[in-house]
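Worksheet for the structure shown next.
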Amino acid sequence: MRQKIESYLRQLNPRVLGLDSMEHVHVGEMIAGDYNLNFRVEIPPKKFIFRINIQPQSGLKNQIEYEYRVLKFLENKQIAPKAYCCDTTKNRFNFDILIEEYLDGNYLDYEKKSLREMARLLATLHTVPIEKESFFVRWKNPLQCNYESVAGELQDYGKRKTSDGKIVSSGRTLLREFEKTMVKDAPLFTANSITHTDTVCDNFIKTGEGMRIIDWEKPRVDDCSYDICCVLSEPAELWSSERTLTEEERNFFIESYCHFKGDNPSQLMEKVRTRIPLISLHWVLWAAGRLCDVKENKIPKELMIQQKDVSRYEKVATPEHIAKFL
């Protein structure tokens with residue numbers, strides 16, 4: 001695979017990658033993602049991520065093209081890595097390809113300094129101006145769309161041969177309870193922000209030039225509360241951390257975000273309390289669905305090595321995470 005990638009790169013015009021030549025190309029292994037294979041590429045003086053998209057996580061047929069356009073839209077805003085090349089021809093790898101900037105740095109931790117910087121970065125993202133007729137996927141009624149999306153995920157999961165009946169039962173109960181106040185709460189939410197929608201801590205990189213967000217596979221225009229709820233959802237936290245935030249840390253994060261964005265902390269906390277059950281149920285269902293994929297041998301062979309360790313899915317996909325909201 002590395003030789004194939006090197007051959008592919010040498011056939012590119014160096015200017016596509018912002019280079020003068022391809023004299024020295026080194027392709028190194030990287031850990032596979034849940035839906036893609038990633039390779040670190042060094043072509044002095046630059047470093048890149050060469051991503052082979054095995055499965056479309058967002059459900060969009062043109063996911064790589066969409067992600068490329070998003071990264072281009074955010075270019076020079078000190079939020080995301082720079083995108084260089086998008087190839088949807090499938091001529092060489094049978095999969096779509098994205099080449100983007102490699103960010104040297106460390107993943108986020110839950111120290112207060114990191115939480116404050118994370119809040120600042122999300123506040124910056126959520127205030128990026130959006131054209132009315134933009135290419136972004138848009139949830140015009142954020143709460144209603146969120147509910148319908150999770151209800152669909154629950155219905156699909158319930159049909160799986162290896163689904164967990166307790167998760168299905170608890171999920172249905174949670175949605176019935178949510179329905180009681182959904183119409184009343186819907187006006188709290190406005191689709192006026194670009195949201196990343198996957199703000200787990202290992203999608204934040206602390207670089208020498210500041211923190212950046214990676215993995216832009218499914219952003220959309222939504223209410224800012226989606227990203228905030230994802231940060232504060234225990235199932236999402238446990239996906240990439242051994243611990244969850246304390247109440248003090250949660251309040252510190254919300255207050256920091258509101259400080260940078262100029263929002264009212266009380267209003268944001270109300271939106272988080274309303275919406276976080278849906279985001280948490282989504283995470284439980286996502287992890288539970290991936291466990292079904294493993295058990296039913298539906299993981300593409302290209303990703304099977306990555307999926308042998310299912311412990312991360314198991315600690316997220318538990319009915320206890322749903323029961324807390326009941």
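Chain lettering (A, B, ...) mirrors the order of the structure tokens, residue numbering begins at 1 for each chain separately, and ligand numbering begins at 1 in order of display.
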
*Mind the document's chain letters and residue numbers, and return as a PyMOL selection string the residues of stretch 16-256 of chain A that DSSP labels alpha helix (DSSP H).*
chain A and resi 63-73+112-126+142-158+165-185+225-232+234-240+247-256

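Residues within 8 Å of A:Thr127, counting only C-alpha atoms and excluding same-chain residues fewer than 5 positions away, are Ser193, Ile194 and Lys261 of chain A.
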
Can you write out the residues you just picked, keeping C-alpha atoms, as a CSV table (one decimal), in the first residue's frame?
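Now in selection28.csv:
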chain,number,residue,atom,x,y,z
A,193,SER,CA,-23.7,28.1,13.1
A,194,ILE,CA,-21.3,25.8,11.3
A,261,LYS,CA,-18.8,34.0,21.9

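Here the question is which of A:Arg250, A:Lys315, A:Arg220, A:Lys206 gets nearest to A:Ser114 using only C-alpha atoms, and that residue is A:Lys206.
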
Could I get the residues of stretch 153-211 of chain A with an atom no further than 7 Å from an atom of stretch 236-246 of chain A, each paired with its nearest atom pair and that distance in Å to one decimal, using only C-alpha atoms, sorted by chain and residue number, as CSV?
residue,atom,partner,partner_atom,distance
A:Val200,CA,A:Ala236,CA,6.2
A:Cys201,CA,A:Ser240,CA,6.4
A:Asp202,CA,A:Ser240,CA,6.1

*Could you give me, as JSON, numbers by chain, the residues within 9 Å of A:Asp185, counting only C-alpha atoms and dropping anything in the same chain fewer than 4 positions from it?*
{"A": [143, 181, 189, 271, 274]}

Just-selected residues, N, CA and C atoms written as a short mmCIF file (atom, residue, chain, number, x, y, z; two decimals), in the first residue's frame:
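Once everything was written out, this is result_7.cif:
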data_model
loop_
_atom_site.label_atom_id
_atom_site.label_comp_id
_atom_site.auth_asym_id
_atom_site.auth_seq_id
_atom_site.Cartn_x
_atom_site.Cartn_y
_atom_site.Cartn_z
N LEU A 143 -33.82 20.97 16.66
CA LEU A 143 -34.30 19.99 17.63
C LEU A 143 -35.15 18.92 16.96
N THR A 181 -42.11 17.45 25.43
CA THR A 181 -41.76 18.87 25.53
C THR A 181 -41.07 19.39 24.27
N PHE A 189 -33.81 26.76 19.65
CA PHE A 189 -32.70 26.37 18.80
C PHE A 189 -32.82 26.99 17.41
N LYS A 271 -30.31 25.02 26.88
CA LYS A 271 -30.29 24.28 25.61
C LYS A 271 -29.56 22.95 25.75
N THR A 274 -31.70 20.42 27.52
CA THR A 274 -32.77 19.95 26.65
C THR A 274 -32.27 18.95 25.62
#

Determine, using only C-alpha atoms, which residues of stretch 137-217 of chain A have any atom at most 12 Å from an atom of stretch 34-58 of chain A, and tabulate each with its shortest atom pair and distance in Å to one decimal place, rows ordered by chain and then rising number, as a tab-separated table.
residue	atom	partner	partner_atom	distance
A:Val137	CA	A:Ser58	CA	10.6
A:His196	CA	A:Ser58	CA	11.8
A:Thr197	CA	A:Ser58	CA	10.5
A:Asp198	CA	A:Ser58	CA	11.0
A:Ile214	CA	A:Ile49	CA	11.0
A:Asp215	CA	A:Arg51	CA	10.6
A:Trp216	CA	A:Ser58	CA	10.0
A:Glu217	CA	A:Ser58	CA	6.5

Those same residues, written as a JSON list (two decimals), in the first residue's frame with C-alpha atoms?
[["chain", "number", "residue", "atom", "x", "y", "z"],
["A", 137, "VAL", "CA", -26.01, 20.41, 4.93],
["A", 196, "HIS", "CA", -18.42, 20.03, 13.48],
["A", 197, "THR", "CA", -20.82, 17.45, 15.08],
["A", 198, "ASP", "CA", -18.04, 15.15, 16.34],
["A", 214, "ILE", "CA", -9.63, 17.51, 12.62],
["A", 215, "ASP", "CA", -11.93, 14.91, 10.99],
["A", 216, "TRP", "CA", -14.47, 17.08, 9.17],
["A", 217, "GLU", "CA", -16.51, 14.19, 7.81]]

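Counting from atom CA of A:Glu270, the distance to atom CA of A:Thr199 is 19.6 Å.
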
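Counting from atom CA of A:Ile167, the distance to atom CA of A:Gln144 is 21.8 Å.
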
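Of the listed residues A:Leu121, A:Val221, A:Cys85, A:Ile322, the one whose atoms come nearest to A:Lys72 is A:Cys85, with distances taken using only C-alpha atoms.
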
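Counting only C-alpha atoms, the residue from A:Glu111, A:Glu67, A:Ala119, A:Ile99 that sits nearest to A:Phe135 is A:Glu67.
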
_Just to confirm, what's the straight-line distance from atom CA of A:Glu209 to atom CA of A:Val128 in Å (one decimal)?_
19.4 Å

*Determine the nearest neighbour of A:Arg10 from the options A:Val27, A:Ser163, A:Asn297, A:Val168, counting only C-alpha atoms.*
A:Val27

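Using only C-alpha atoms, the smallest distance between any of A:Asn251, A:Phe260, A:Lys166, A:Gly210 and A:Ala317 comes from A:Lys166.
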
Where in stretch 16-194 of chain A does DSSP assign strand (DSSP E or B), given as a CSV table (one decimal) with C-alpha atoms, in the first residue's frame?
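To be explicit, this is the file written out as result.csv:
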chain,number,residue,atom,x,y,z
A,26,HIS,CA,8.3,8.9,2.5
A,27,VAL,CA,5.0,7.2,3.3
A,28,GLY,CA,4.5,6.0,6.9
A,29,GLU,CA,1.8,3.9,8.5
A,36,ASN,CA,-10.9,5.2,6.7
A,37,LEU,CA,-7.2,4.4,6.4
A,38,ASN,CA,-4.7,7.2,7.2
A,39,PHE,CA,-1.1,7.4,6.2
A,40,ARG,CA,1.4,10.1,7.2
A,41,VAL,CA,3.4,11.4,4.2
A,42,GLU,CA,6.6,13.4,4.4
A,43,ILE,CA,7.7,15.3,1.3
A,46,LYS,CA,5.8,19.5,4.3
A,47,LYS,CA,3.9,16.7,6.0
A,48,PHE,CA,0.5,15.4,4.8
A,49,ILE,CA,-2.3,13.0,5.8
A,50,PHE,CA,-3.2,10.7,2.9
A,51,ARG,CA,-6.7,9.3,3.6
A,52,ILE,CA,-8.4,6.5,1.9
A,53,ASN,CA,-12.1,6.7,2.7
A,83,ALA,CA,-6.9,20.6,2.3
A,84,TYR,CA,-4.8,20.0,-0.8
A,85,CYS,CA,-6.3,17.4,-3.0
A,86,CYS,CA,-9.6,15.5,-3.4
A,87,ASP,CA,-9.8,12.5,-5.8
A,96,ASP,CA,-12.1,8.2,-2.6
A,97,ILE,CA,-8.9,10.0,-1.5
A,98,LEU,CA,-8.3,13.2,0.5
A,99,ILE,CA,-4.9,14.7,1.0
A,100,GLU,CA,-4.7,17.3,3.8
A,101,GLU,CA,-2.1,19.0,6.1
A,106,ASN,CA,-1.0,16.4,20.9
A,107,TYR,CA,-4.6,15.4,21.4
A,138,ARG,CA,-28.5,22.3,7.1
A,193,SER,CA,-23.7,28.1,13.1
A,194,ILE,CA,-21.3,25.8,11.3

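Restricting the calculation to only C-alpha atoms, the smallest distance between A:Gln267 and any of A:Thr88, A:Asn192, A:Ser233, A:Ser225 is found for A:Ser225.
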
_A:Asp164 environment, 12 Å, only C-alpha atoms, sequence neighbours closer than 2 positions dropped, as a PyMOL selection string_ = chain A and resi 154+157-162+166-171+284-285+287-289+291-292+314+317-319

Write out, as a short mmCIF file (atom, residue, chain, number, x, y, z; two decimals), in the first residue's frame, the residues just selected, with N, CA and C atoms.
data_model
loop_
_atom_site.label_atom_id
_atom_site.label_comp_id
_atom_site.auth_asym_id
_atom_site.auth_seq_id
_atom_site.Cartn_x
_atom_site.Cartn_y
_atom_site.Cartn_z
N LEU A 154 -32.46 4.61 16.04
CA LEU A 154 -32.99 3.62 16.97
C LEU A 154 -33.81 2.56 16.23
N TYR A 157 -31.39 0.32 14.42
CA TYR A 157 -30.65 -0.54 15.35
C TYR A 157 -31.54 -1.68 15.86
N GLY A 158 -32.81 -1.37 16.12
CA GLY A 158 -33.72 -2.39 16.62
C GLY A 158 -33.93 -3.54 15.66
N LYS A 159 -33.63 -3.32 14.38
CA LYS A 159 -33.79 -4.37 13.37
C LYS A 159 -32.56 -5.26 13.25
N ARG A 160 -31.47 -4.89 13.91
CA ARG A 160 -30.24 -5.67 13.80
C ARG A 160 -30.38 -7.01 14.52
N LYS A 161 -29.78 -8.04 13.94
CA LYS A 161 -29.86 -9.38 14.53
C LYS A 161 -29.21 -9.45 15.90
N THR A 162 -28.17 -8.66 16.12
CA THR A 162 -27.41 -8.74 17.37
C THR A 162 -27.63 -7.52 18.26
N LYS A 166 -32.12 -4.11 25.77
CA LYS A 166 -32.20 -3.08 26.82
C LYS A 166 -31.95 -1.69 26.23
N ILE A 167 -31.02 -1.61 25.29
CA ILE A 167 -30.75 -0.32 24.64
C ILE A 167 -31.97 0.12 23.84
N VAL A 168 -32.57 -0.81 23.13
CA VAL A 168 -33.76 -0.49 22.33
C VAL A 168 -34.90 -0.02 23.23
N SER A 169 -35.16 -0.76 24.30
CA SER A 169 -36.25 -0.41 25.22
C SER A 169 -36.02 0.93 25.89
N SER A 170 -34.80 1.15 26.42
CA SER A 170 -34.49 2.41 27.09
C SER A 170 -34.54 3.57 26.10
N GLY A 171 -34.06 3.35 24.88
CA GLY A 171 -34.07 4.40 23.86
C GLY A 171 -35.49 4.81 23.51
N VAL A 284 -24.64 6.32 21.94
CA VAL A 284 -24.86 4.93 22.36
C VAL A 284 -25.25 4.08 21.17
N LEU A 285 -26.17 4.57 20.35
CA LEU A 285 -26.64 3.82 19.19
C LEU A 285 -25.54 3.65 18.15
N ALA A 287 -22.22 3.48 18.69
CA ALA A 287 -21.28 2.46 19.17
C ALA A 287 -21.93 1.07 19.16
N ALA A 288 -23.20 1.00 19.55
CA ALA A 288 -23.91 -0.28 19.54
C ALA A 288 -24.03 -0.82 18.12
N GLY A 289 -24.26 0.08 17.17
CA GLY A 289 -24.35 -0.33 15.78
C GLY A 289 -23.04 -0.87 15.25
N LEU A 291 -20.77 -2.32 17.09
CA LEU A 291 -20.62 -3.65 17.69
C LEU A 291 -21.38 -4.69 16.88
N CYS A 292 -22.57 -4.32 16.42
CA CYS A 292 -23.33 -5.22 15.55
C CYS A 292 -22.57 -5.50 14.26
N GLU A 314 -17.72 -0.90 23.45
CA GLU A 314 -18.44 -1.54 24.56
C GLU A 314 -18.67 -0.58 25.72
N ALA A 317 -21.54 1.81 24.42
CA ALA A 317 -22.83 1.19 24.06
C ALA A 317 -23.46 0.46 25.23
N THR A 318 -23.83 1.19 26.27
CA THR A 318 -24.48 0.57 27.43
C THR A 318 -25.80 1.29 27.72
N PRO A 319 -26.83 0.55 28.11
CA PRO A 319 -28.12 1.18 28.42
C PRO A 319 -28.05 2.11 29.63
#
